>>> print(open('run30.cif').read())   # mmCIF, C-alpha atoms
data_model
#
loop_
_atom_site.label_atom_id
_atom_site.label_comp_id
_atom_site.auth_asym_id
_atom_site.auth_seq_id
_atom_site.Cartn_x
_atom_site.Cartn_y
_atom_site.Cartn_z
CA MET A 1 -228.56 134.49 136.42
CA THR A 2 -229.71 131.55 138.48
CA THR A 3 -228.76 131.65 142.14
CA THR A 4 -229.13 128.70 144.42
CA ALA A 5 -228.51 128.44 148.13
CA GLU A 6 -225.95 125.67 148.38
CA ARG A 7 -225.13 125.79 152.06
CA GLN A 8 -226.63 127.36 155.16
CA MET A 9 -225.41 127.31 158.73
CA GLU A 10 -226.60 128.92 161.95
CA LEU A 11 -224.49 129.05 165.09
CA THR A 12 -224.94 130.42 168.58
CA LEU A 13 -221.61 130.87 170.27
CA PRO A 14 -220.68 131.95 173.78
CA MET A 15 -218.68 135.15 174.17
CA VAL A 16 -215.47 133.57 175.36
CA ALA A 17 -211.86 134.15 174.41
CA ASP A 18 -210.94 133.18 170.87
CA ILE A 19 -214.51 132.16 169.96
CA GLU A 20 -214.02 134.26 166.82
CA ILE A 21 -211.70 131.55 165.54
CA ALA A 22 -214.50 128.98 165.70
CA ALA A 23 -216.81 131.33 163.81
CA ALA A 24 -214.21 132.01 161.12
CA ARG A 25 -213.43 128.32 160.71
CA ALA A 26 -217.10 127.40 160.34
CA ALA A 27 -217.64 130.04 157.67
CA GLY A 28 -214.42 129.00 155.97
CA ASN A 29 -215.55 125.39 155.76
CA LEU A 30 -218.86 126.44 154.22
CA ALA A 31 -217.11 128.71 151.71
CA ARG A 32 -214.63 125.99 150.78
CA GLU A 33 -217.49 123.56 150.08
CA ILE A 34 -218.96 125.92 147.49
CA GLY A 35 -215.60 126.51 145.85
CA MET A 36 -214.38 129.83 147.23
CA SER A 37 -210.64 130.36 146.91
CA ALA A 38 -208.29 130.22 149.89
CA GLU A 39 -207.36 133.89 149.67
CA LYS A 40 -210.99 135.06 149.66
CA ILE A 41 -211.74 132.75 152.58
CA ASP A 42 -208.78 134.18 154.46
CA GLU A 43 -210.05 137.73 153.92
CA MET A 44 -213.53 136.71 155.02
CA ALA A 45 -212.10 135.04 158.13
CA HIS A 46 -210.33 138.22 159.21
CA ALA A 47 -213.54 140.24 158.78
CA ILE A 48 -215.57 137.72 160.81
CA ILE A 49 -212.93 137.83 163.54
CA GLU A 50 -213.23 141.61 163.80
CA ALA A 51 -217.04 141.50 163.90
CA CYS A 52 -217.02 138.86 166.63
CA ILE A 53 -214.43 140.77 168.66
CA ASN A 54 -216.53 143.92 168.46
CA ALA A 55 -219.56 141.99 169.67
CA ARG A 56 -217.62 140.38 172.50
CA GLU A 57 -215.75 143.46 173.65
CA HIS A 58 -218.25 146.25 173.19
CA SER A 59 -221.82 144.96 173.14
CA CYS A 60 -222.19 144.43 176.90
CA CYS A 61 -225.02 141.99 176.19
CA VAL A 62 -226.69 140.10 178.99
CA ASP A 63 -226.99 136.74 177.26
CA ASN A 64 -223.29 136.56 176.40
CA ARG A 65 -224.01 135.01 173.03
CA ILE A 66 -223.11 135.76 169.44
CA TYR A 67 -225.61 134.63 166.80
CA LEU A 68 -224.20 133.79 163.40
CA ARG A 69 -225.78 132.82 160.11
CA PHE A 70 -223.86 131.90 156.98
CA VAL A 71 -225.42 131.35 153.57
CA GLY A 72 -223.35 130.16 150.65
CA THR A 73 -224.71 130.52 147.12
CA LEU A 74 -223.44 129.98 143.63
CA GLN A 75 -224.02 132.76 141.13
CA GLY A 76 -223.34 130.93 137.92
CA VAL A 77 -220.25 128.85 137.35
CA GLY A 78 -217.25 129.65 139.52
CA ASN A 79 -218.67 132.55 141.46
CA PRO A 80 -219.45 131.56 145.01
CA ARG A 81 -220.98 134.12 147.35
CA VAL A 82 -221.13 133.95 151.13
CA ASP A 83 -223.53 136.10 153.16
CA ILE A 84 -222.74 136.44 156.84
CA TRP A 85 -224.90 137.84 159.61
CA ILE A 86 -223.32 138.35 163.04
CA THR A 87 -225.74 139.50 165.72
CA ASP A 88 -225.46 140.41 169.38
CA HIS A 89 -228.25 141.48 171.73
CA GLY A 90 -226.16 144.18 173.38
CA ARG A 91 -226.55 147.93 173.79
CA GLY A 92 -225.52 148.91 170.27
CA PHE A 93 -223.15 151.74 169.45
CA ASP A 94 -222.94 155.05 167.63
CA LEU A 95 -221.80 154.04 164.16
CA ILE A 96 -221.25 157.62 162.98
CA GLU A 97 -219.11 158.38 166.03
CA ALA A 98 -217.11 155.21 165.47
CA ARG A 99 -216.39 156.12 161.86
CA THR A 100 -215.61 159.77 162.67
CA ARG A 101 -213.24 158.78 165.46
CA ARG A 102 -211.13 156.59 163.22
CA GLN A 103 -210.94 159.25 160.51
CA LYS A 104 -209.90 161.99 162.92
CA LEU A 105 -207.29 160.07 164.77
CA GLY A 106 -205.77 158.17 161.86
CA THR A 107 -202.82 155.91 162.35
CA ALA A 108 -201.91 157.41 165.70
CA TYR A 109 -205.07 155.89 167.16
CA LYS A 110 -204.29 152.25 167.50
CA ARG A 111 -207.68 150.79 168.46
CA GLY A 112 -211.13 150.88 166.92
CA ARG A 113 -210.13 149.86 163.42
CA GLY A 114 -212.26 146.72 163.25
CA ILE A 115 -214.97 148.25 161.05
CA GLN A 116 -212.34 149.55 158.66
CA LEU A 117 -210.82 146.08 158.39
CA MET A 118 -214.24 144.47 157.79
CA GLU A 119 -214.95 146.92 154.99
CA ALA A 120 -211.54 146.37 153.42
CA HIS A 121 -211.74 142.59 153.48
CA MET A 122 -215.36 142.17 152.39
CA ASP A 123 -217.30 143.20 149.29
CA GLU A 124 -220.28 144.53 151.23
CA VAL A 125 -220.72 145.49 154.88
CA GLU A 126 -223.95 146.71 156.43
CA ILE A 127 -224.23 147.45 160.14
CA ILE A 128 -227.60 147.84 161.82
CA THR A 129 -227.29 148.89 165.43
CA SER A 130 -229.75 150.05 168.09
CA ALA A 131 -230.26 149.85 171.83
CA GLU A 132 -231.56 146.30 171.29
CA GLY A 133 -228.43 145.02 169.62
CA THR A 134 -226.28 144.99 166.54
CA THR A 135 -226.29 142.97 163.34
CA VAL A 136 -223.40 143.04 160.91
CA HIS A 137 -224.27 141.72 157.45
CA MET A 138 -221.27 141.09 155.23
CA VAL A 139 -220.93 139.63 151.76
CA LYS A 140 -217.91 137.94 150.24
CA LEU A 141 -217.81 137.28 146.51
CA GLU A 142 -215.30 135.17 144.68
CA ASN A 143 -215.56 137.47 141.69
CA ALA A 144 -216.78 140.92 142.67
CA LYS A 145 -216.92 142.06 139.04
CA ALA A 146 -219.65 139.52 138.36
CA GLY A 147 -221.95 141.47 140.67
CA ASN A 148 -224.47 140.16 143.16
CA HIS A 149 -228.09 139.16 143.23
CA ASP A 150 -229.53 141.75 145.62
CA MET B 1 -210.14 126.47 170.72
CA THR B 2 -207.27 128.62 171.96
CA GLU B 3 -204.68 129.41 169.33
CA GLU B 4 -201.89 130.22 171.71
CA LEU B 5 -199.04 132.14 170.15
CA ARG B 6 -195.52 130.81 170.47
CA VAL B 7 -192.52 133.03 170.01
CA VAL B 8 -188.98 131.83 169.40
CA VAL B 9 -186.18 134.37 169.73
CA GLU B 10 -183.00 134.00 167.75
CA ARG B 11 -180.25 136.42 168.66
CA ARG B 12 -177.91 137.64 165.95
CA PRO B 13 -174.80 139.82 166.31
CA ALA B 14 -176.62 142.87 164.96
CA GLY B 15 -180.10 142.21 166.33
CA ALA B 16 -182.67 139.46 166.72
CA ILE B 17 -185.30 137.50 164.84
CA LEU B 18 -188.64 136.63 166.46
CA TYR B 19 -190.42 133.66 164.92
CA THR B 20 -194.13 133.61 165.72
CA ARG B 21 -196.48 130.66 165.46
CA GLY B 22 -200.24 131.07 165.97
CA TYR B 23 -202.84 133.77 166.41
CA ILE B 24 -201.72 137.33 167.10
CA ASN B 25 -204.55 138.60 169.30
CA ASN B 26 -204.28 140.57 172.54
CA VAL B 27 -202.54 137.72 174.34
CA GLY B 28 -200.26 136.90 171.42
CA GLY B 29 -199.44 140.56 170.92
CA GLU B 30 -198.45 140.90 174.57
CA GLU B 31 -196.26 137.83 174.28
CA ILE B 32 -194.43 139.39 171.32
CA ALA B 33 -194.18 142.69 173.19
CA ASN B 34 -192.63 141.02 176.23
CA ARG B 35 -189.95 139.37 174.10
CA ALA B 36 -189.31 142.57 172.12
CA TYR B 37 -189.05 144.75 175.25
CA GLU B 38 -186.58 142.31 176.81
CA LEU B 39 -184.45 142.63 173.69
CA MET B 40 -184.73 146.42 173.69
CA ASP B 41 -183.68 146.50 177.35
CA ASP B 42 -180.68 144.49 176.24
CA ASN B 43 -179.81 147.22 173.71
CA VAL B 44 -181.02 145.30 170.66
CA ARG B 45 -182.03 147.90 168.07
CA ALA B 46 -182.95 145.74 165.06
CA ILE B 47 -185.73 143.17 165.38
CA LEU B 48 -187.19 141.14 162.55
CA LEU B 49 -190.54 139.45 163.12
CA ASN B 50 -190.91 136.43 160.89
CA LEU B 51 -194.65 135.67 160.69
CA ARG B 52 -194.33 132.63 158.44
CA GLU B 53 -196.28 130.44 160.89
CA THR B 54 -198.92 133.04 161.70
CA LYS B 55 -202.05 132.92 159.56
CA ILE B 56 -204.44 135.06 161.59
CA VAL B 57 -204.11 138.46 163.25
CA ASN B 58 -206.69 140.77 164.74
CA SER B 59 -206.84 144.53 165.19
CA ILE B 60 -205.99 144.35 168.89
CA GLY B 61 -202.88 142.29 168.22
CA ILE B 62 -201.82 144.73 165.51
CA SER B 63 -202.35 147.68 167.84
CA ILE B 64 -199.84 146.07 170.20
CA LEU B 65 -197.38 145.57 167.33
CA ILE B 66 -197.69 149.27 166.55
CA GLU B 67 -196.87 150.08 170.17
CA ILE B 68 -193.74 147.93 169.90
CA ILE B 69 -192.72 149.76 166.73
CA GLU B 70 -193.26 153.14 168.39
CA LYS B 71 -191.21 152.14 171.42
CA MET B 72 -188.39 150.91 169.21
CA MET B 73 -188.49 154.11 167.13
CA ASP B 74 -188.17 156.14 170.34
CA LYS B 75 -184.98 154.22 171.04
CA GLY B 76 -183.65 154.86 167.55
CA GLY B 77 -184.12 151.26 166.46
CA ARG B 78 -186.06 149.44 163.80
CA ILE B 79 -188.74 146.74 163.69
CA SER B 80 -189.29 144.85 160.44
CA PHE B 81 -191.52 142.00 159.30
CA CYS B 82 -191.21 139.22 156.78
CA CYS B 83 -193.08 136.25 155.35
CA LEU B 84 -196.62 137.65 155.75
CA THR B 85 -199.65 136.04 154.15
CA PRO B 86 -201.30 138.31 151.54
CA VAL B 87 -204.21 139.02 153.87
CA ILE B 88 -201.99 139.89 156.83
CA HIS B 89 -199.93 142.13 154.55
CA LYS B 90 -203.12 143.89 153.44
CA THR B 91 -204.28 144.17 157.06
CA PHE B 92 -200.98 145.74 158.12
CA GLN B 93 -201.34 148.32 155.36
CA ILE B 94 -204.90 149.18 156.38
CA MET B 95 -203.89 149.57 160.02
CA GLY B 96 -201.03 151.90 159.12
CA LEU B 97 -198.37 149.57 160.41
CA ALA B 98 -196.67 149.45 157.02
CA ASN B 99 -195.97 153.19 157.34
CA TYR B 100 -193.59 152.63 160.23
CA ALA B 101 -192.06 149.23 159.60
CA THR B 102 -190.48 147.65 156.55
CA ILE B 103 -192.16 144.51 155.28
CA PHE B 104 -189.99 142.03 153.40
CA ASP B 105 -191.26 139.21 151.22
CA SER B 106 -188.61 136.77 152.40
CA GLU B 107 -186.37 136.28 155.40
CA ASP B 108 -183.31 136.28 153.15
CA ALA B 109 -184.15 139.72 151.81
CA ALA B 110 -184.72 141.00 155.33
CA LEU B 111 -181.50 139.56 156.72
CA LYS B 112 -179.52 141.11 153.90
CA GLU B 113 -181.09 144.54 154.28
CA LEU B 114 -180.91 144.55 158.07
CA ASN B 115 -177.45 143.00 158.22
CA LEU B 116 -178.78 140.26 160.49
CA HIS B 117 -176.81 137.36 159.07
CA ASN B 118 -174.95 135.30 161.62
CA GLN B 119 -171.48 136.25 160.42
#
>>> encode(input="run30.cif", output="structure tokens")
Amino acid sequence: MTTTAERQMELTLPMVADIEIAAARAAGNLAREIGMSAEKIDEMAHAIIEACINAREHSCCVDNRIYLRFVGTLQGVGNPRVDIWITDHGRGFDLIEARTRRQKLGTAYKRGRGIQLMEAHMDEVEIITSAEGTTVHMVKLENAKAGNHD
Amino acid sequence: MTEELRVVVERRPAGAILYTRGYINNVGGEEIANRAYELMDDNVRAILLNLRETKIVNSIGISILIEIIEKMMDKGGRISFCCLTPVIHKTFQIMGLANYATIFDSEDAALKELNLHNQ
């Protein structure tokens, strides 16, 4: 199946209140241009919002910036795909601890559900985190059954 | 940039309806909480949140909504929601909020079930 990169966008945003909305809108515009449906864009927006909030609230980075990259591709007719990378240069976090905490505490624990929401709203989520920073790579497909090109 | 949340409160004989407009984040969640706690202090025990004009929520805002639900449950009351977008509905289910609050598709259905009609 032929895959072509239709749209690419890179943004560097300051870590200020509600900046996640700007990130979600930018990705939404790119996704809309390659034909992604409104509901899929809405799901993607909520995942981006959670990733940006995590970066802003927990990374403790010195540069106070979030680095975003969006790539929109078409995998055949009517199957847009958007790849999203959201990076901060903060201190990273213990991913295993974060996942364990949410499973142990369940619904009674009201915070720390951002990763769970990202995974629920996106088709793929990969988190690479270290003491030098964190990158969240997420993929949204219009038609998940059609597969991906990785 | 800021998507400030607006809340309109409509009192009914048997409770109240809160209409939200905008982003339910930490600030928006606190705004809803303030209105809800005022109503609870005034012995209102049935609150319907109509989210028709809210298109985006985040996990912090939802955590505050869960706190409101818990506080109302402690008082023997009930919080309900209506008119959610599909993604917000899905998000509420993931966050566990749907376990403690009824979610109605329409305001009419909610008003009927909660007996919140004006007369």
>>> resolve_selection(input="run30.cif", expression="the PyMOL selection byres ((chain B) within 12 of (chain A))", output="PDB file with C-alpha atoms, keeping the file's coordinate frame")
ATOM      1  CA  MET B   1    -210.140 126.470 170.720  1.00  0.00           C
ATOM      2  CA  THR B   2    -207.270 128.620 171.960  1.00  0.00           C
ATOM      3  CA  GLU B   3    -204.680 129.410 169.330  1.00  0.00           C
ATOM      4  CA  GLU B   4    -201.890 130.220 171.710  1.00  0.00           C
ATOM      5  CA  LEU B   5    -199.040 132.140 170.150  1.00  0.00           C
ATOM      6  CA  GLY B  22    -200.240 131.070 165.970  1.00  0.00           C
ATOM      7  CA  TYR B  23    -202.840 133.770 166.410  1.00  0.00           C
ATOM      8  CA  ILE B  24    -201.720 137.330 167.100  1.00  0.00           C
ATOM      9  CA  ASN B  25    -204.550 138.600 169.300  1.00  0.00           C
ATOM     10  CA  ASN B  26    -204.280 140.570 172.540  1.00  0.00           C
ATOM     11  CA  VAL B  27    -202.540 137.720 174.340  1.00  0.00           C
ATOM     12  CA  GLY B  28    -200.260 136.900 171.420  1.00  0.00           C
ATOM     13  CA  LYS B  55    -202.050 132.920 159.560  1.00  0.00           C
ATOM     14  CA  ILE B  56    -204.440 135.060 161.590  1.00  0.00           C
ATOM     15  CA  VAL B  57    -204.110 138.460 163.250  1.00  0.00           C
ATOM     16  CA  ASN B  58    -206.690 140.770 164.740  1.00  0.00           C
ATOM     17  CA  SER B  59    -206.840 144.530 165.190  1.00  0.00           C
ATOM     18  CA  ILE B  60    -205.990 144.350 168.890  1.00  0.00           C
ATOM     19  CA  GLY B  61    -202.880 142.290 168.220  1.00  0.00           C
ATOM     20  CA  ILE B  62    -201.820 144.730 165.510  1.00  0.00           C
ATOM     21  CA  SER B  63    -202.350 147.680 167.840  1.00  0.00           C
ATOM     22  CA  ILE B  64    -199.840 146.070 170.200  1.00  0.00           C
ATOM     23  CA  LEU B  65    -197.380 145.570 167.330  1.00  0.00           C
ATOM     24  CA  ILE B  66    -197.690 149.270 166.550  1.00  0.00           C
ATOM     25  CA  GLU B  67    -196.870 150.080 170.170  1.00  0.00           C
ATOM     26  CA  ILE B  68    -193.740 147.930 169.900  1.00  0.00           C
ATOM     27  CA  ILE B  69    -192.720 149.760 166.730  1.00  0.00           C
ATOM     28  CA  GLU B  70    -193.260 153.140 168.390  1.00  0.00           C
ATOM     29  CA  THR B  85    -199.650 136.040 154.150  1.00  0.00           C
ATOM     30  CA  PRO B  86    -201.300 138.310 151.540  1.00  0.00           C
ATOM     31  CA  VAL B  87    -204.210 139.020 153.870  1.00  0.00           C
ATOM     32  CA  ILE B  88    -201.990 139.890 156.830  1.00  0.00           C
ATOM     33  CA  HIS B  89    -199.930 142.130 154.550  1.00  0.00           C
ATOM     34  CA  LYS B  90    -203.120 143.890 153.440  1.00  0.00           C
ATOM     35  CA  THR B  91    -204.280 144.170 157.060  1.00  0.00           C
ATOM     36  CA  PHE B  92    -200.980 145.740 158.120  1.00  0.00           C
ATOM     37  CA  GLN B  93    -201.340 148.320 155.360  1.00  0.00           C
ATOM     38  CA  ILE B  94    -204.900 149.180 156.380  1.00  0.00           C
ATOM     39  CA  MET B  95    -203.890 149.570 160.020  1.00  0.00           C
ATOM     40  CA  GLY B  96    -201.030 151.900 159.120  1.00  0.00           C
ATOM     41  CA  LEU B  97    -198.370 149.570 160.410  1.00  0.00           C
ATOM     42  CA  ALA B  98    -196.670 149.450 157.020  1.00  0.00           C
ATOM     43  CA  ASN B  99    -195.970 153.190 157.340  1.00  0.00           C
ATOM     44  CA  TYR B 100    -193.590 152.630 160.230  1.00  0.00           C
TER      45      TYR B 100
END
>>> atom_distance(input="run30.cif", atom1="CA of Glu33 (chain A)", atom2="CA of Gln8 (chain A)")
11.1 Å
>>> closest_residue(input="run30.cif", among="B:Met73, B:Ala33, B:Ala16, B:Val7", to="Thr54 (chain B)", atoms="only C-alpha atoms")
B:Val7
>>> closest_residue(input="run30.cif", among="B:Ile103, B:Met40, B:Leu18, B:Ala110", to="Leu84 (chain B)", atoms="all atoms listed in the file")
B:Ile103
>>> resolve_selection(input="run30.cif", expression="the PyMOL selection byres ((chain A and resi 6) around 9)", output="NGL selection string")
:A and (4-5 or 7-8 or 33-34 or 71-74)
>>> write_last_selection(input="run30.cif", atoms="C-alpha atoms", output="short mmCIF file (atom, residue, chain, number, x, y, z; two decimals), keeping the file's coordinate frame")
data_model
loop_
_atom_site.label_atom_id
_atom_site.label_comp_id
_atom_site.auth_asym_id
_atom_site.auth_seq_id
_atom_site.Cartn_x
_atom_site.Cartn_y
_atom_site.Cartn_z
CA THR A 4 -229.13 128.70 144.42
CA ALA A 5 -228.51 128.44 148.13
CA ARG A 7 -225.13 125.79 152.06
CA GLN A 8 -226.63 127.36 155.16
CA GLU A 33 -217.49 123.56 150.08
CA ILE A 34 -218.96 125.92 147.49
CA VAL A 71 -225.42 131.35 153.57
CA GLY A 72 -223.35 130.16 150.65
CA THR A 73 -224.71 130.52 147.12
CA LEU A 74 -223.44 129.98 143.63
#
>>> resolve_selection(input="run30.cif", expression="the PyMOL selection byres ((chain A and resi 128) around 10)", output="list in words")
Thr87, Gly92, Phe93, Leu95, Glu126, Ile127, Thr129, Ser130, Gly133, Thr134, Thr135, Val136 and His137 of chain A
>>> atom_distance(input="run30.cif", atom1="CA of Arg6 (chain B)", atom2="CA of Ile32 (chain B)")
8.7 Å
>>> atom_distance(input="run30.cif", atom1="CA of Glu142 (chain A)", atom2="CA of Ile66 (chain A)")
26.0 Å
>>> closest_residue(input="run30.cif", among="B:Asn43, B:Ser80, B:Thr20, B:Asn118", to="Asp105 (chain B)", atoms="only C-alpha atoms")
B:Ser80
>>> residues_around(input="run30.cif", residues="Leu48 (chain B)", least_positions_apart="6", cutoff="6 Å", atoms="all atoms listed in the file", output="MDAnalysis selection string")
chainID B and resid 17 79:81
>>> decode(input="run30.cif", residues="region 70-140 of chain A", atoms="C-alpha atoms", output="PDB file, in the first residue's frame")
ATOM      1  CA  PHE A  70       2.480  16.096  13.653  1.00  0.00           C
ATOM      2  CA  VAL A  71       2.654  14.041  10.472  1.00  0.00           C
ATOM      3  CA  GLY A  72      -0.454  13.284   8.470  1.00  0.00           C
ATOM      4  CA  THR A  73      -0.376  10.509   5.882  1.00  0.00           C
ATOM      5  CA  LEU A  74      -2.859   8.784   3.647  1.00  0.00           C
ATOM      6  CA  GLN A  75      -2.796   5.001   3.596  1.00  0.00           C
ATOM      7  CA  GLY A  76      -4.809   4.335   0.499  1.00  0.00           C
ATOM      8  CA  VAL A  77      -8.169   5.915  -0.151  1.00  0.00           C
ATOM      9  CA  GLY A  78     -10.069   7.161   2.871  1.00  0.00           C
ATOM     10  CA  ASN A  79      -7.664   6.097   5.568  1.00  0.00           C
ATOM     11  CA  PRO A  80      -5.843   9.060   7.013  1.00  0.00           C
ATOM     12  CA  ARG A  81      -3.244   8.496   9.712  1.00  0.00           C
ATOM     13  CA  VAL A  82      -1.808  11.091  12.067  1.00  0.00           C
ATOM     14  CA  ASP A  83       1.430  10.513  13.980  1.00  0.00           C
ATOM     15  CA  ILE A  84       2.032  12.796  16.939  1.00  0.00           C
ATOM     16  CA  TRP A  85       5.200  13.289  18.943  1.00  0.00           C
ATOM     17  CA  ILE A  86       5.014  15.375  22.119  1.00  0.00           C
ATOM     18  CA  THR A  87       8.359  15.962  23.810  1.00  0.00           C
ATOM     19  CA  ASP A  88       9.507  17.738  26.940  1.00  0.00           C
ATOM     20  CA  HIS A  89      13.067  18.117  28.234  1.00  0.00           C
ATOM     21  CA  GLY A  90      12.091  17.486  31.839  1.00  0.00           C
ATOM     22  CA  ARG A  91      13.130  14.932  34.438  1.00  0.00           C
ATOM     23  CA  GLY A  92      11.079  12.024  33.101  1.00  0.00           C
ATOM     24  CA  PHE A  93       9.001   9.708  35.243  1.00  0.00           C
ATOM     25  CA  ASP A  94       8.639   6.089  36.282  1.00  0.00           C
ATOM     26  CA  LEU A  95       6.225   4.704  33.705  1.00  0.00           C
ATOM     27  CA  ILE A  96       5.816   1.350  35.469  1.00  0.00           C
ATOM     28  CA  GLU A  97       5.014   3.085  38.748  1.00  0.00           C
ATOM     29  CA  ALA A  98       2.512   5.330  37.002  1.00  0.00           C
ATOM     30  CA  ARG A  99       0.709   2.377  35.450  1.00  0.00           C
ATOM     31  CA  THR A 100       0.788   0.318  38.662  1.00  0.00           C
ATOM     32  CA  ARG A 101      -0.568   3.209  40.714  1.00  0.00           C
ATOM     33  CA  ARG A 102      -3.612   3.637  38.526  1.00  0.00           C
ATOM     34  CA  GLN A 103      -4.363  -0.090  38.530  1.00  0.00           C
ATOM     35  CA  LYS A 104      -4.089  -0.391  42.304  1.00  0.00           C
ATOM     36  CA  LEU A 105      -6.135   2.597  43.192  1.00  0.00           C
ATOM     37  CA  GLY A 106      -8.830   2.295  40.543  1.00  0.00           C
ATOM     38  CA  THR A 107     -11.708   4.685  40.424  1.00  0.00           C
ATOM     39  CA  ALA A 108     -11.172   5.907  43.961  1.00  0.00           C
ATOM     40  CA  TYR A 109      -7.946   7.567  42.826  1.00  0.00           C
ATOM     41  CA  LYS A 110      -9.066  10.592  40.935  1.00  0.00           C
ATOM     42  CA  ARG A 111      -5.801  11.845  39.417  1.00  0.00           C
ATOM     43  CA  GLY A 112      -3.131  10.305  37.238  1.00  0.00           C
ATOM     44  CA  ARG A 113      -5.426   8.888  34.581  1.00  0.00           C
ATOM     45  CA  GLY A 114      -3.961  10.807  31.660  1.00  0.00           C
ATOM     46  CA  ILE A 115      -2.007   7.869  30.241  1.00  0.00           C
ATOM     47  CA  GLN A 116      -5.094   5.681  30.431  1.00  0.00           C
ATOM     48  CA  LEU A 117      -7.087   8.284  28.508  1.00  0.00           C
ATOM     49  CA  MET A 118      -4.361   8.616  25.850  1.00  0.00           C
ATOM     50  CA  GLU A 119      -4.333   4.866  25.336  1.00  0.00           C
ATOM     51  CA  ALA A 120      -8.116   4.701  25.131  1.00  0.00           C
ATOM     52  CA  HIS A 121      -8.451   7.506  22.620  1.00  0.00           C
ATOM     53  CA  MET A 122      -5.534   6.613  20.344  1.00  0.00           C
ATOM     54  CA  ASP A 123      -4.678   3.551  18.267  1.00  0.00           C
ATOM     55  CA  GLU A 124      -1.051   3.435  19.383  1.00  0.00           C
ATOM     56  CA  VAL A 125       0.768   5.071  22.289  1.00  0.00           C
ATOM     57  CA  GLU A 126       4.474   4.753  22.986  1.00  0.00           C
ATOM     58  CA  ILE A 127       6.136   6.608  25.842  1.00  0.00           C
ATOM     59  CA  ILE A 128       9.897   6.972  26.034  1.00  0.00           C
ATOM     60  CA  THR A 129      11.026   8.613  29.238  1.00  0.00           C
ATOM     61  CA  SER A 130      14.397   9.174  30.910  1.00  0.00           C
ATOM     62  CA  ALA A 131      16.151  11.713  33.089  1.00  0.00           C
ATOM     63  CA  GLU A 132      16.663  13.813  29.935  1.00  0.00           C
ATOM     64  CA  GLY A 133      13.000  14.088  29.086  1.00  0.00           C
ATOM     65  CA  THR A 134       9.920  12.365  27.770  1.00  0.00           C
ATOM     66  CA  THR A 135       8.527  11.752  24.305  1.00  0.00           C
ATOM     67  CA  VAL A 136       5.012  10.491  23.757  1.00  0.00           C
ATOM     68  CA  HIS A 137       4.421   9.077  20.277  1.00  0.00           C
ATOM     69  CA  MET A 138       0.774   8.487  19.444  1.00  0.00           C
ATOM     70  CA  VAL A 139      -0.961   7.322  16.286  1.00  0.00           C
ATOM     71  CA  LYS A 140      -4.530   7.981  15.228  1.00  0.00           C
TER      72      LYS A 140
END
